[in-house]
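The data block below is final_18.pdb; it holds PDB, C-alpha atoms.
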```pdb
ATOM      1  CA  MET A   1      59.962 -49.288   5.076
ATOM      2  CA  GLY A   2      57.983 -47.436   7.749
ATOM      3  CA  ILE A   3      56.749 -44.622   5.479
ATOM      4  CA  VAL A   4      53.111 -45.585   4.831
ATOM      5  CA  ASP A   5      51.642 -43.325   7.527
ATOM      6  CA  ALA A   6      53.625 -40.320   6.311
ATOM      7  CA  LEU A   7      52.500 -40.919   2.735
ATOM      8  CA  ALA A   8      48.872 -41.466   3.728
ATOM      9  CA  ALA A   9      48.819 -38.115   5.505
ATOM     10  CA  HIS A  10      49.649 -36.255   2.280
ATOM     11  CA  GLN A  11      47.382 -37.855  -0.306
ATOM     12  CA  VAL A  12      45.878 -35.819  -3.137
ATOM     13  CA  PRO A  13      42.155 -35.368  -2.332
ATOM     14  CA  ILE A  14      40.838 -37.121  -5.433
ATOM     15  CA  GLN A  15      37.325 -38.470  -4.889
ATOM     16  CA  ALA A  16      36.468 -40.040  -8.248
ATOM     17  CA  LEU A  17      37.612 -40.866 -11.754
ATOM     18  CA  VAL A  18      35.114 -39.087 -14.031
ATOM     19  CA  TYR A  19      34.605 -39.114 -17.808
ATOM     20  CA  VAL A  20      32.666 -36.238 -19.371
ATOM     21  CA  ASP A  21      31.169 -35.535 -22.799
ATOM     22  CA  THR A  22      31.620 -32.499 -25.055
ATOM     23  CA  ASP A  23      29.390 -30.359 -22.817
ATOM     24  CA  GLY A  24      31.180 -31.414 -19.637
ATOM     25  CA  LYS A  25      28.359 -33.696 -18.500
ATOM     26  CA  PRO A  26      29.628 -36.811 -16.655
ATOM     27  CA  PHE A  27      28.632 -40.101 -18.250
ATOM     28  CA  ALA A  28      30.803 -42.494 -16.183
ATOM     29  CA  SER A  29      32.229 -42.157 -12.689
ATOM     30  CA  LEU A  30      34.329 -44.448 -10.505
ATOM     31  CA  PRO A  31      34.727 -43.458  -6.827
ATOM     32  CA  ILE A  32      38.286 -43.719  -5.548
ATOM     33  CA  GLU A  33      36.992 -45.496  -2.453
ATOM     34  CA  ARG A  34      35.812 -48.359  -4.652
ATOM     35  CA  ILE A  35      39.300 -48.656  -6.168
ATOM     36  CA  ARG A  36      40.714 -48.662  -2.644
ATOM     37  CA  ARG A  37      38.348 -51.472  -1.615
ATOM     38  CA  ILE A  38      39.208 -53.479  -4.723
ATOM     39  CA  LEU A  39      42.885 -53.240  -3.787
ATOM     40  CA  GLY A  40      42.310 -54.155  -0.161
ATOM     41  CA  GLY A  41      43.182 -50.663   1.040
ATOM     42  CA  ARG A  42      46.557 -50.675  -0.744
ATOM     43  CA  TYR A  43      45.978 -47.521  -2.744
ATOM     44  CA  MET A  44      47.081 -43.927  -2.222
ATOM     45  CA  ALA A  45      46.786 -40.964  -4.596
ATOM     46  CA  LEU A  46      50.170 -39.261  -4.317
ATOM     47  CA  MET A  47      52.137 -36.600  -6.120
ATOM     48  CA  HIS A  48      55.677 -37.489  -7.121
ATOM     49  CA  ASP A  49      57.086 -34.713  -4.922
ATOM     50  CA  THR A  50      55.302 -36.161  -1.889
ATOM     51  CA  LEU A  51      57.050 -39.497  -2.337
ATOM     52  CA  ILE A  52      60.405 -37.741  -2.713
ATOM     53  CA  ASP A  53      59.879 -35.647   0.419
ATOM     54  CA  VAL A  54      58.864 -38.630   2.559
ATOM     55  CA  LEU A  55      61.824 -40.704   1.365
ATOM     56  CA  TYR A  56      64.144 -37.776   2.006
ATOM     57  CA  ASP A  57      62.877 -37.407   5.578
ATOM     58  CA  ALA A  58      63.322 -41.154   6.170
ATOM     59  CA  LEU A  59      67.019 -41.178   5.252
ATOM     60  CA  PRO A  60      69.632 -41.453   7.995
ATOM     61  CA  LYS A  61      71.372 -38.120   8.533
ATOM     62  CA  GLU A  62      74.784 -39.569   7.641
ATOM     63  CA  VAL A  63      73.728 -40.267   4.026
ATOM     64  CA  ASP A  64      75.689 -37.973   1.684
ATOM     65  CA  LEU A  65      73.202 -36.087  -0.504
ATOM     66  CA  ARG A  66      74.225 -33.715  -3.294
ATOM     67  CA  PHE A  67      71.916 -31.412  -5.201
ATOM     68  CA  GLY A  68      72.482 -29.609  -8.480
ATOM     69  CA  THR A  69      75.083 -32.207  -9.454
ATOM     70  CA  SER A  70      75.238 -34.527 -12.438
ATOM     71  CA  LEU A  71      77.587 -37.106 -13.935
ATOM     72  CA  ARG A  72      80.033 -36.300 -16.706
ATOM     73  CA  ALA A  73      81.855 -39.628 -17.054
ATOM     74  CA  ILE A  74      81.954 -43.159 -15.638
ATOM     75  CA  ALA A  75      85.034 -45.396 -15.866
ATOM     76  CA  GLN A  76      84.837 -48.948 -14.534
ATOM     77  CA  GLU A  77      87.681 -50.980 -13.087
ATOM     78  CA  SER A  78      87.660 -54.490 -11.681
ATOM     79  CA  ASP A  79      87.343 -53.302  -8.082
ATOM     80  CA  ALA A  80      85.643 -49.891  -8.314
ATOM     81  CA  VAL A  81      83.875 -47.293 -10.448
ATOM     82  CA  ASP A  82      85.516 -43.927 -11.128
ATOM     83  CA  VAL A  83      82.959 -41.145 -11.468
ATOM     84  CA  THR A  84      83.571 -37.641 -12.784
ATOM     85  CA  PHE A  85      80.985 -35.045 -11.784
ATOM     86  CA  ASP A  86      80.002 -32.041 -13.852
ATOM     87  CA  ASP A  87      81.936 -29.737 -11.500
ATOM     88  CA  GLY A  88      85.136 -31.576 -12.456
ATOM     89  CA  SER A  89      85.527 -33.527  -9.198
ATOM     90  CA  HIS A  90      86.337 -37.272  -9.196
ATOM     91  CA  GLU A  91      85.371 -40.049  -6.775
ATOM     92  CA  ARG A  92      85.508 -43.843  -6.569
ATOM     93  CA  PHE A  93      82.597 -46.077  -5.577
ATOM     94  CA  ASP A  94      82.031 -49.807  -5.089
ATOM     95  CA  ILE A  95      78.928 -49.735  -7.322
ATOM     96  CA  VAL A  96      76.798 -47.165  -9.144
ATOM     97  CA  VAL A  97      72.988 -47.440  -9.299
ATOM     98  CA  GLY A  98      71.319 -45.641 -12.187
ATOM     99  CA  ALA A  99      67.949 -44.556 -10.806
ATOM    100  CA  ASP A 100      67.652 -41.386 -12.870
ATOM    101  CA  GLY A 101      64.534 -42.000 -14.919
ATOM    102  CA  VAL A 102      63.510 -42.642 -18.488
ATOM    103  CA  HIS A 103      66.093 -40.155 -19.825
ATOM    104  CA  SER A 104      68.862 -41.624 -17.656
ATOM    105  CA  LYS A 105      72.237 -39.883 -17.950
ATOM    106  CA  THR A 106      73.864 -42.847 -16.198
ATOM    107  CA  ARG A 107      72.492 -45.250 -18.820
ATOM    108  CA  ALA A 108      73.750 -43.055 -21.637
ATOM    109  CA  LEU A 109      77.262 -42.934 -20.158
ATOM    110  CA  VAL A 110      77.459 -46.683 -19.517
ATOM    111  CA  ALA A 111      75.293 -48.442 -22.118
ATOM    112  CA  GLY A 112      74.797 -45.987 -24.963
ATOM    113  CA  PRO A 113      72.295 -43.439 -26.283
ATOM    114  CA  GLU A 114      68.640 -43.529 -25.304
ATOM    115  CA  GLU A 115      67.607 -44.231 -28.897
ATOM    116  CA  SER A 116      69.130 -47.707 -28.582
ATOM    117  CA  PHE A 117      66.659 -48.717 -25.860
ATOM    118  CA  ARG A 118      63.499 -46.679 -26.400
ATOM    119  CA  ARG A 119      60.201 -48.002 -27.716
ATOM    120  CA  LEU A 120      58.228 -44.966 -28.832
ATOM    121  CA  MET A 121      54.493 -45.321 -28.260
ATOM    122  CA  GLY A 122      53.547 -42.562 -30.704
ATOM    123  CA  TYR A 123      52.091 -40.177 -28.117
ATOM    124  CA  THR A 124      53.046 -36.934 -26.398
ATOM    125  CA  ILE A 125      51.966 -35.783 -22.926
ATOM    126  CA  ALA A 126      51.912 -32.338 -21.342
ATOM    127  CA  SER A 127      50.888 -31.063 -17.914
ATOM    128  CA  TYR A 128      50.863 -27.860 -15.888
ATOM    129  CA  GLU A 129      49.103 -26.151 -12.980
ATOM    130  CA  VAL A 130      46.078 -23.934 -13.577
ATOM    131  CA  PRO A 131      43.733 -21.975 -11.285
ATOM    132  CA  ASN A 132      40.821 -24.017  -9.922
ATOM    133  CA  ARG A 133      38.025 -22.018 -11.524
ATOM    134  CA  TYR A 134      36.202 -24.702 -13.519
ATOM    135  CA  GLY A 135      33.985 -26.192 -10.810
ATOM    136  CA  LEU A 136      35.102 -29.771 -11.462
ATOM    137  CA  GLY A 137      35.526 -30.785  -7.844
ATOM    138  CA  PRO A 138      38.354 -32.913  -6.406
ATOM    139  CA  ASN A 139      38.280 -35.464  -9.217
ATOM    140  CA  TRP A 140      40.355 -36.880 -12.051
ATOM    141  CA  THR A 141      38.156 -35.689 -14.928
ATOM    142  CA  MET A 142      38.758 -36.682 -18.565
ATOM    143  CA  PHE A 143      37.377 -35.820 -21.980
ATOM    144  CA  VAL A 144      38.383 -38.008 -24.930
ATOM    145  CA  GLU A 145      38.289 -37.526 -28.688
ATOM    146  CA  PRO A 146      40.060 -39.669 -31.307
ATOM    147  CA  ASP A 147      43.824 -39.522 -30.675
ATOM    148  CA  ARG A 148      43.605 -36.801 -28.014
ATOM    149  CA  LEU A 149      42.672 -36.652 -24.331
ATOM    150  CA  VAL A 150      42.366 -33.766 -21.904
ATOM    151  CA  GLY A 151      42.073 -34.186 -18.168
ATOM    152  CA  THR A 152      42.184 -32.260 -14.926
ATOM    153  CA  TYR A 153      42.973 -33.670 -11.517
ATOM    154  CA  ALA A 154      42.983 -32.429  -7.979
ATOM    155  CA  HIS A 155      45.921 -30.496  -6.582
ATOM    156  CA  GLU A 156      47.246 -30.471  -3.033
ATOM    157  CA  ARG A 157      46.040 -26.860  -2.895
ATOM    158  CA  ALA A 158      42.300 -26.272  -3.141
ATOM    159  CA  ASP A 159      42.788 -23.205  -5.369
ATOM    160  CA  ARG A 160      44.782 -25.097  -8.006
ATOM    161  CA  ILE A 161      44.290 -28.081 -10.307
ATOM    162  CA  TRP A 162      46.507 -29.889 -12.791
ATOM    163  CA  ALA A 163      45.768 -29.862 -16.513
ATOM    164  CA  PHE A 164      46.855 -32.949 -18.427
ATOM    165  CA  PHE A 165      47.038 -33.532 -22.196
ATOM    166  CA  MET A 166      47.837 -36.663 -24.171
ATOM    167  CA  TYR A 167      47.755 -36.928 -27.951
ATOM    168  CA  ARG A 168      49.075 -38.895 -30.876
ATOM    169  CA  GLY A 169      52.075 -37.346 -32.628
ATOM    170  CA  ASP A 170      54.414 -34.576 -31.503
ATOM    171  CA  ALA A 171      52.757 -31.368 -32.720
ATOM    172  CA  GLU A 172      52.835 -28.173 -30.669
ATOM    173  CA  LEU A 173      50.254 -28.404 -27.867
ATOM    174  CA  LYS A 174      47.844 -25.682 -28.954
ATOM    175  CA  ARG A 175      47.864 -26.900 -32.542
ATOM    176  CA  ALA A 176      47.269 -30.506 -31.469
ATOM    177  CA  PHE A 177      44.143 -29.529 -29.495
ATOM    178  CA  ALA A 178      42.771 -26.813 -31.749
ATOM    179  CA  GLY A 179      38.988 -27.001 -32.093
ATOM    180  CA  MET A 180      38.466 -29.316 -29.127
ATOM    181  CA  ARG A 181      35.458 -28.379 -26.964
ATOM    182  CA  TRP A 182      34.619 -28.740 -23.256
ATOM    183  CA  ILE A 183      36.973 -26.382 -21.315
ATOM    184  CA  VAL A 184      39.942 -27.140 -23.557
ATOM    185  CA  PRO A 185      40.319 -23.599 -25.026
ATOM    186  CA  GLU A 186      40.451 -22.137 -21.509
ATOM    187  CA  LEU A 187      42.989 -24.715 -20.313
ATOM    188  CA  LEU A 188      45.193 -24.031 -23.334
ATOM    189  CA  ALA A 189      45.000 -20.298 -22.662
ATOM    190  CA  ASP A 190      46.132 -20.971 -19.081
ATOM    191  CA  ALA A 191      49.372 -22.468 -20.427
ATOM    192  CA  ASP A 192      50.658 -18.966 -21.232
ATOM    193  CA  ALA A 193      50.657 -18.069 -17.537
ATOM    194  CA  ALA A 194      51.810 -21.465 -16.216
ATOM    195  CA  GLU A 195      55.077 -21.347 -14.302
ATOM    196  CA  ASN A 196      56.230 -24.737 -15.602
ATOM    197  CA  VAL A 197      54.891 -26.743 -18.529
ATOM    198  CA  PHE A 198      56.009 -30.370 -18.622
ATOM    199  CA  ARG A 199      56.016 -31.980 -22.078
ATOM    200  CA  ASP A 200      57.522 -35.277 -23.195
ATOM    201  CA  VAL A 201      57.024 -38.175 -25.579
ATOM    202  CA  VAL A 202      55.570 -41.434 -24.243
ATOM    203  CA  GLU A 203      58.143 -44.210 -24.428
ATOM    204  CA  GLN A 204      59.172 -47.472 -22.824
ATOM    205  CA  ILE A 205      62.771 -48.464 -22.089
ATOM    206  CA  GLU A 206      63.853 -52.014 -22.960
ATOM    207  CA  MET A 207      67.436 -52.986 -22.098
ATOM    208  CA  PRO A 208      68.942 -56.405 -22.912
ATOM    209  CA  SER A 209      70.663 -56.347 -19.521
ATOM    210  CA  TRP A 210      70.020 -54.182 -16.490
ATOM    211  CA  HIS A 211      73.610 -54.249 -15.303
ATOM    212  CA  GLN A 212      77.065 -53.774 -16.770
ATOM    213  CA  GLY A 213      80.107 -54.392 -14.613
ATOM    214  CA  ARG A 214      79.623 -52.526 -11.360
ATOM    215  CA  VAL A 215      76.752 -50.379 -12.653
ATOM    216  CA  VAL A 216      73.108 -51.457 -12.279
ATOM    217  CA  PHE A 217      69.827 -49.770 -13.239
ATOM    218  CA  ILE A 218      66.420 -49.653 -11.586
ATOM    219  CA  GLY A 219      63.013 -48.148 -12.326
ATOM    220  CA  ASP A 220      62.360 -46.181 -15.501
ATOM    221  CA  ALA A 221      66.084 -46.116 -16.276
ATOM    222  CA  CYS A 222      65.923 -49.772 -17.377
ATOM    223  CA  GLY A 223      62.224 -50.633 -17.680
ATOM    224  CA  ALA A 224      59.926 -47.612 -18.038
ATOM    225  CA  PRO A 225      56.358 -48.947 -18.455
ATOM    226  CA  THR A 226      54.786 -45.532 -19.351
ATOM    227  CA  LEU A 227      52.058 -43.775 -17.416
ATOM    228  CA  ALA A 228      49.461 -46.128 -18.939
ATOM    229  CA  SER A 229      50.563 -48.829 -16.507
ATOM    230  CA  GLY A 230      50.094 -46.693 -13.428
ATOM    231  CA  GLN A 231      53.010 -48.659 -11.965
ATOM    232  CA  GLY A 232      56.110 -46.530 -12.631
ATOM    233  CA  ALA A 233      56.768 -45.414  -9.057
ATOM    234  CA  SER A 234      55.804 -48.832  -7.661
ATOM    235  CA  LEU A 235      58.206 -50.634  -9.995
ATOM    236  CA  ALA A 236      61.019 -48.262  -9.062
ATOM    237  CA  MET A 237      60.400 -48.606  -5.330
ATOM    238  CA  GLY A 238      59.950 -52.371  -5.483
ATOM    239  CA  GLY A 239      62.992 -52.797  -7.698
ATOM    240  CA  ALA A 240      65.153 -50.747  -5.353
ATOM    241  CA  TYR A 241      63.981 -52.794  -2.386
ATOM    242  CA  VAL A 242      64.774 -56.078  -4.144
ATOM    243  CA  LEU A 243      68.191 -54.809  -5.262
ATOM    244  CA  ALA A 244      69.083 -53.790  -1.702
ATOM    245  CA  GLU A 245      67.911 -57.165  -0.404
ATOM    246  CA  CYS A 246      69.987 -59.027  -2.995
ATOM    247  CA  LEU A 247      73.095 -56.981  -2.211
ATOM    248  CA  GLN A 248      72.666 -57.789   1.465
ATOM    249  CA  LEU A 249      72.100 -61.512   0.896
ATOM    250  CA  CYS A 250      74.720 -62.107  -1.784
ATOM    251  CA  GLY A 251      77.562 -60.025  -0.420
ATOM    252  CA  GLU A 252      79.076 -59.302  -3.845
ATOM    253  CA  HIS A 253      77.700 -57.329  -6.747
ATOM    254  CA  VAL A 254      77.788 -59.846  -9.652
ATOM    255  CA  GLN A 255      75.459 -62.414  -8.110
ATOM    256  CA  ALA A 256      73.338 -59.693  -6.493
ATOM    257  CA  PHE A 257      72.749 -57.893  -9.789
ATOM    258  CA  GLN A 258      71.863 -61.152 -11.543
ATOM    259  CA  ARG A 259      69.437 -62.245  -8.830
ATOM    260  CA  TYR A 260      67.798 -58.803  -8.742
ATOM    261  CA  GLU A 261      67.203 -58.800 -12.499
ATOM    262  CA  GLN A 262      65.929 -62.394 -12.505
ATOM    263  CA  ARG A 263      63.336 -61.496  -9.890
ATOM    264  CA  VAL A 264      62.168 -58.128 -11.189
ATOM    265  CA  ARG A 265      62.462 -58.268 -14.999
ATOM    266  CA  PRO A 266      59.513 -60.672 -15.608
ATOM    267  CA  TYR A 267      57.249 -58.370 -13.606
ATOM    268  CA  VAL A 268      58.422 -55.272 -15.530
ATOM    269  CA  VAL A 269      58.005 -56.992 -18.919
ATOM    270  CA  GLU A 270      54.460 -57.951 -17.929
ATOM    271  CA  GLN A 271      53.624 -54.369 -16.946
ATOM    272  CA  GLN A 272      55.076 -53.011 -20.186
ATOM    273  CA  ARG A 273      53.043 -55.461 -22.264
ATOM    274  CA  ASP A 274      49.853 -54.627 -20.377
ATOM    275  CA  ALA A 275      50.514 -50.892 -20.784
ATOM    276  CA  ARG A 276      50.864 -51.219 -24.562
ATOM    277  CA  ARG A 277      47.583 -53.094 -24.715
ATOM    278  CA  PHE A 278      45.811 -50.660 -22.382
ATOM    279  CA  MET A 279      47.047 -47.604 -24.294
ATOM    280  CA  LYS A 280      44.808 -48.444 -27.260
ATOM    281  CA  MET A 281      41.777 -48.549 -24.985
ATOM    282  CA  PHE A 282      42.821 -45.500 -22.968
ATOM    283  CA  LEU A 283      43.133 -43.288 -26.060
ATOM    284  CA  PRO A 284      41.167 -44.647 -29.059
ATOM    285  CA  SER A 285      42.139 -43.537 -32.577
ATOM    286  CA  THR A 286      38.680 -43.430 -34.191
ATOM    287  CA  SER A 287      35.225 -42.049 -33.472
ATOM    288  CA  LEU A 288      33.945 -45.607 -33.310
ATOM    289  CA  GLY A 289      36.643 -46.451 -30.768
ATOM    290  CA  VAL A 290      35.674 -43.471 -28.603
ATOM    291  CA  ALA A 291      31.993 -44.466 -28.752
ATOM    292  CA  LEU A 292      32.902 -48.023 -27.780
ATOM    293  CA  GLN A 293      35.060 -46.741 -24.908
ATOM    294  CA  ARG A 294      32.137 -44.691 -23.569
ATOM    295  CA  ALA A 295      29.778 -47.647 -23.759
ATOM    296  CA  ILE A 296      32.224 -49.907 -21.940
ATOM    297  CA  LEU A 297      32.951 -47.345 -19.199
ATOM    298  CA  LYS A 298      29.240 -46.853 -18.520
ATOM    299  CA  VAL A 299      28.980 -50.594 -17.920
ATOM    300  CA  VAL A 300      32.154 -51.494 -16.015
ATOM    301  CA  PHE A 301      31.913 -48.519 -13.641
ATOM    302  CA  GLN A 302      28.618 -49.874 -12.296
ATOM    303  CA  PRO A 303      28.915 -51.051  -8.651
ATOM    304  CA  GLN A 304      27.558 -54.510  -9.451
ATOM    305  CA  LEU A 305      30.438 -55.124 -11.865
ATOM    306  CA  THR A 306      33.225 -54.464  -9.390
ATOM    307  CA  TRP A 307      34.587 -57.957 -10.100
ATOM    308  CA  LEU A 308      35.540 -56.811 -13.621
ATOM    309  CA  LEU A 309      37.497 -53.880 -12.235
ATOM    310  CA  ARG A 310      39.183 -56.158  -9.721
ATOM    311  CA  ARG A 311      40.684 -58.118 -12.619
ATOM    312  CA  GLN A 312      41.949 -54.868 -14.195
ATOM    313  CA  PHE A 313      43.419 -53.436 -10.978
ATOM    314  CA  ASN A 314      44.738 -56.695  -9.530
ATOM    315  CA  VAL A 315      48.462 -55.972  -9.891
ATOM    316  CA  ARG A 316      50.823 -58.561  -8.400
ATOM    317  CA  SER A 317      53.273 -57.436  -5.763
ATOM    318  CA  ILE A 318      56.886 -57.264  -6.870
ATOM    319  CA  LEU A 319      58.074 -58.417  -3.406
TER
END
```
Please render this file's structure as structure tokens.
Amino acid sequence: MGIVDALAAHQVPIQALVYVDTDGKPFASLPIERIRRILGGRYMALMHDTLIDVLYDALPKEVDLRFGTSLRAIAQESDAVDVTFDDGSHERFDIVVGADGVHSKTRALVAGPEESFRRLMGYTIASYEVPNRYGLGPNWTMFVEPDRLVGTYAHERADRIWAFFMYRGDAELKRAFAGMRWIVPELLADADAAENVFRDVVEQIEMPSWHQGRVVFIGDACGAPTLASGQGASLAMGGAYVLAECLQLCGEHVQAFQRYEQRVRPYVVEQQRDARRFMKMFLPSTSLGVALQRAILKVVFQPQLTWLLRRQFNVRSIL
């Protein structure tokens, strides 16, 4: 797509994946450069906004972009789709692509409420920016206790970092992490001054069909794998590329939509299954599970066992 160089120039400066104990002492560390070598150089640490900006800059100027606009209704006919926007305007389109995420408004209008397609994983996540005053360096640093995880990771700005929380259940954030040590009390206190606090449940989306009439879905809108897969943006980008290719090759939407789903769905199902399995290891539910996780990380992060990590990170290309 010709955007790799632009993305590479705006990577987040993360140097290592680091696990720490209650006192903040690292007990396992995996350099990002080793991950990059394992993946043959095909790895970049990017913020979501960076990907959006680069894609935006790559678009031809004649593409009609609208901001601050949403859909109110979708009515399908045999030869077109009538769309009503939330400002009351109406337009007709050949096809509609729902690429609007796990809480897709397009999916709700066409296929039904989110509850019909969601698989709740039982966890909640939260994240926000905090001042970089903890001396953690440009790393992705994590501290784990049974059913709750706190992490910080590097920001594009040297004076800021991101705080990340994941926990079982849906309690209020400060109550869920009450009594947790390390720098958790300070990070929770920082939430009061945070400009934006993102909070959401962890869920996968499983649709029986990714298309209905002249409407088709891609990415999290039809097959959210959760953050545990680490493949959400890749699946969305790859799926969009395959859909465009199928539309070009087939010439009409019915066959194109079918071919796109046949190619991409098996890959998405595999990633969702792997994410569910990995979630149990990523956030153990018992003290014994946490102790076992620490023992395993100390072993597999050793340079001589890179072959084990290669099996974990060896994700097949969707193309």
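Residues in contact with A:His10 at 12 Å, where only C-alpha atoms are counted and same-chain residues fewer than 2 positions away are skipped, are listed as Ile3, Val4, Asp5, Ala6, Leu7, Ala8, Val12, Pro13, Ile14, Met44, Ala45, Leu46, Met47, His48, Asp49, Thr50, Leu51, Ile52, Asp53, Val54, His155, Glu156 and Arg157 of chain A.
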Using C-alpha atoms, can you export the residues from the last selection as a PDB file, in the frame of the given file?
```pdb
ATOM      1  CA  ILE A   3      56.749 -44.622   5.479  1.00  0.00           C
ATOM      2  CA  VAL A   4      53.111 -45.585   4.831  1.00  0.00           C
ATOM      3  CA  ASP A   5      51.642 -43.325   7.527  1.00  0.00           C
ATOM      4  CA  ALA A   6      53.625 -40.320   6.311  1.00  0.00           C
ATOM      5  CA  LEU A   7      52.500 -40.919   2.735  1.00  0.00           C
ATOM      6  CA  ALA A   8      48.872 -41.466   3.728  1.00  0.00           C
ATOM      7  CA  VAL A  12      45.878 -35.819  -3.137  1.00  0.00           C
ATOM      8  CA  PRO A  13      42.155 -35.368  -2.332  1.00  0.00           C
ATOM      9  CA  ILE A  14      40.838 -37.121  -5.433  1.00  0.00           C
ATOM     10  CA  MET A  44      47.081 -43.927  -2.222  1.00  0.00           C
ATOM     11  CA  ALA A  45      46.786 -40.964  -4.596  1.00  0.00           C
ATOM     12  CA  LEU A  46      50.170 -39.261  -4.317  1.00  0.00           C
ATOM     13  CA  MET A  47      52.137 -36.600  -6.120  1.00  0.00           C
ATOM     14  CA  HIS A  48      55.677 -37.489  -7.121  1.00  0.00           C
ATOM     15  CA  ASP A  49      57.086 -34.713  -4.922  1.00  0.00           C
ATOM     16  CA  THR A  50      55.302 -36.161  -1.889  1.00  0.00           C
ATOM     17  CA  LEU A  51      57.050 -39.497  -2.337  1.00  0.00           C
ATOM     18  CA  ILE A  52      60.405 -37.741  -2.713  1.00  0.00           C
ATOM     19  CA  ASP A  53      59.879 -35.647   0.419  1.00  0.00           C
ATOM     20  CA  VAL A  54      58.864 -38.630   2.559  1.00  0.00           C
ATOM     21  CA  HIS A 155      45.921 -30.496  -6.582  1.00  0.00           C
ATOM     22  CA  GLU A 156      47.246 -30.471  -3.033  1.00  0.00           C
ATOM     23  CA  ARG A 157      46.040 -26.860  -2.895  1.00  0.00           C
TER      24      ARG A 157
END
```
- prompt: At a cut-off of 8 Å from (40.7, -36.0, -17.9) in the coordinates of the file, what residues are picked up using only C-alpha atoms, written as a PyMOL selection string?
  reply: chain A and resi 18-19+140-144+149-153+164
- request: Could you state which residues are captured by the PyMOL selection byres ((chain A and resi 213-229) around 6) in this file, as a ChimeraX atom specification?
  value: /A:95-99,101-102,104,204-207,210-212,230-231,235-236,272,275
Residues just named, written with C-alpha atoms as an mmCIF file, in the coordinates of the input:
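Wrote it out as again37.cif, contents follow:
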```cif
data_model
loop_
_atom_site.group_PDB
_atom_site.id
_atom_site.type_symbol
_atom_site.label_atom_id
_atom_site.label_comp_id
_atom_site.auth_asym_id
_atom_site.auth_seq_id
_atom_site.Cartn_x
_atom_site.Cartn_y
_atom_site.Cartn_z
ATOM 1 C CA ILE A 95 78.928 -49.735 -7.322
ATOM 2 C CA VAL A 96 76.798 -47.165 -9.144
ATOM 3 C CA VAL A 97 72.988 -47.440 -9.299
ATOM 4 C CA GLY A 98 71.319 -45.641 -12.187
ATOM 5 C CA ALA A 99 67.949 -44.556 -10.806
ATOM 6 C CA GLY A 101 64.534 -42.000 -14.919
ATOM 7 C CA VAL A 102 63.510 -42.642 -18.488
ATOM 8 C CA SER A 104 68.862 -41.624 -17.656
ATOM 9 C CA GLN A 204 59.172 -47.472 -22.824
ATOM 10 C CA ILE A 205 62.771 -48.464 -22.089
ATOM 11 C CA GLU A 206 63.853 -52.014 -22.960
ATOM 12 C CA MET A 207 67.436 -52.986 -22.098
ATOM 13 C CA TRP A 210 70.020 -54.182 -16.490
ATOM 14 C CA HIS A 211 73.610 -54.249 -15.303
ATOM 15 C CA GLN A 212 77.065 -53.774 -16.770
ATOM 16 C CA GLY A 230 50.094 -46.693 -13.428
ATOM 17 C CA GLN A 231 53.010 -48.659 -11.965
ATOM 18 C CA LEU A 235 58.206 -50.634 -9.995
ATOM 19 C CA ALA A 236 61.019 -48.262 -9.062
ATOM 20 C CA GLN A 272 55.076 -53.011 -20.186
ATOM 21 C CA ALA A 275 50.514 -50.892 -20.784
#
```
For stretch 87-95 of chain A, what centre and edge lengths in Å (one decimal) does the axis-aligned box get once 6 Å is added on each side of all its listed atoms, as JSON?
```
{"center_x": 82.6, "center_y": -39.8, "center_z": -8.8, "size_x": 19.4, "size_y": 32.1, "size_z": 19.4}
```
message: On this structure, the PyMOL selection byres ((chain A and resi 68-76) around 12) would catch which residues? List them as a PyMOL selection string, sorted by chain and number.
response: chain A and resi 65-67+77-98+100+104-111+212-215
task: Find, counting only C-alpha atoms, the residue in A:Arg34, A:Glu115, A:Gln15, A:Asp147 that gets nearest to A:Leu305.
output: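 Of all the options, A:Arg34 lies closest to A:Leu305.
Minimum atom-to-atom distances from A:Asp21, A:Glu114, A:Asp190, A:Glu270 to A:Arg160 were compared using all atoms listed in the file, and the lowest value belongs to A:Asp190.
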message: Expand the PyMOL selection byres ((chain A and resi 256) around 12) into the explicit residue set it covers here, and present it as a list of chain:residue names.
response: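 With the PyMOL selection byres ((chain A and resi 256) around 12) on this model, the match is A:Ile95, A:Trp210, A:His211, A:Gly213, A:Arg214, A:Val215, A:Val216, A:Val242, A:Leu243, A:Ala244, A:Glu245, A:Cys246, A:Leu247, A:Gln248, A:Leu249, A:Cys250, A:Gly251, A:Glu252, A:His253, A:Val254, A:Gln255, A:Phe257, A:Gln258, A:Arg259, A:Tyr260, A:Glu261, A:Gln262, A:Arg263.
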Go ahead and write the residues just picked, C-alpha atoms, as a compact mmCIF listing (two decimals), in the frame of the given file.
```txt
# COMPACT_ATOMS: atom_id res chain seq x y z
CA ILE A 95 78.93 -49.74 -7.32
CA TRP A 210 70.02 -54.18 -16.49
CA HIS A 211 73.61 -54.25 -15.30
CA GLY A 213 80.11 -54.39 -14.61
CA ARG A 214 79.62 -52.53 -11.36
CA VAL A 215 76.75 -50.38 -12.65
CA VAL A 216 73.11 -51.46 -12.28
CA VAL A 242 64.77 -56.08 -4.14
CA LEU A 243 68.19 -54.81 -5.26
CA ALA A 244 69.08 -53.79 -1.70
CA GLU A 245 67.91 -57.16 -0.40
CA CYS A 246 69.99 -59.03 -3.00
CA LEU A 247 73.10 -56.98 -2.21
CA GLN A 248 72.67 -57.79 1.46
CA LEU A 249 72.10 -61.51 0.90
CA CYS A 250 74.72 -62.11 -1.78
CA GLY A 251 77.56 -60.02 -0.42
CA GLU A 252 79.08 -59.30 -3.84
CA HIS A 253 77.70 -57.33 -6.75
CA VAL A 254 77.79 -59.85 -9.65
CA GLN A 255 75.46 -62.41 -8.11
CA PHE A 257 72.75 -57.89 -9.79
CA GLN A 258 71.86 -61.15 -11.54
CA ARG A 259 69.44 -62.24 -8.83
CA TYR A 260 67.80 -58.80 -8.74
CA GLU A 261 67.20 -58.80 -12.50
CA GLN A 262 65.93 -62.39 -12.50
CA ARG A 263 63.34 -61.50 -9.89
```
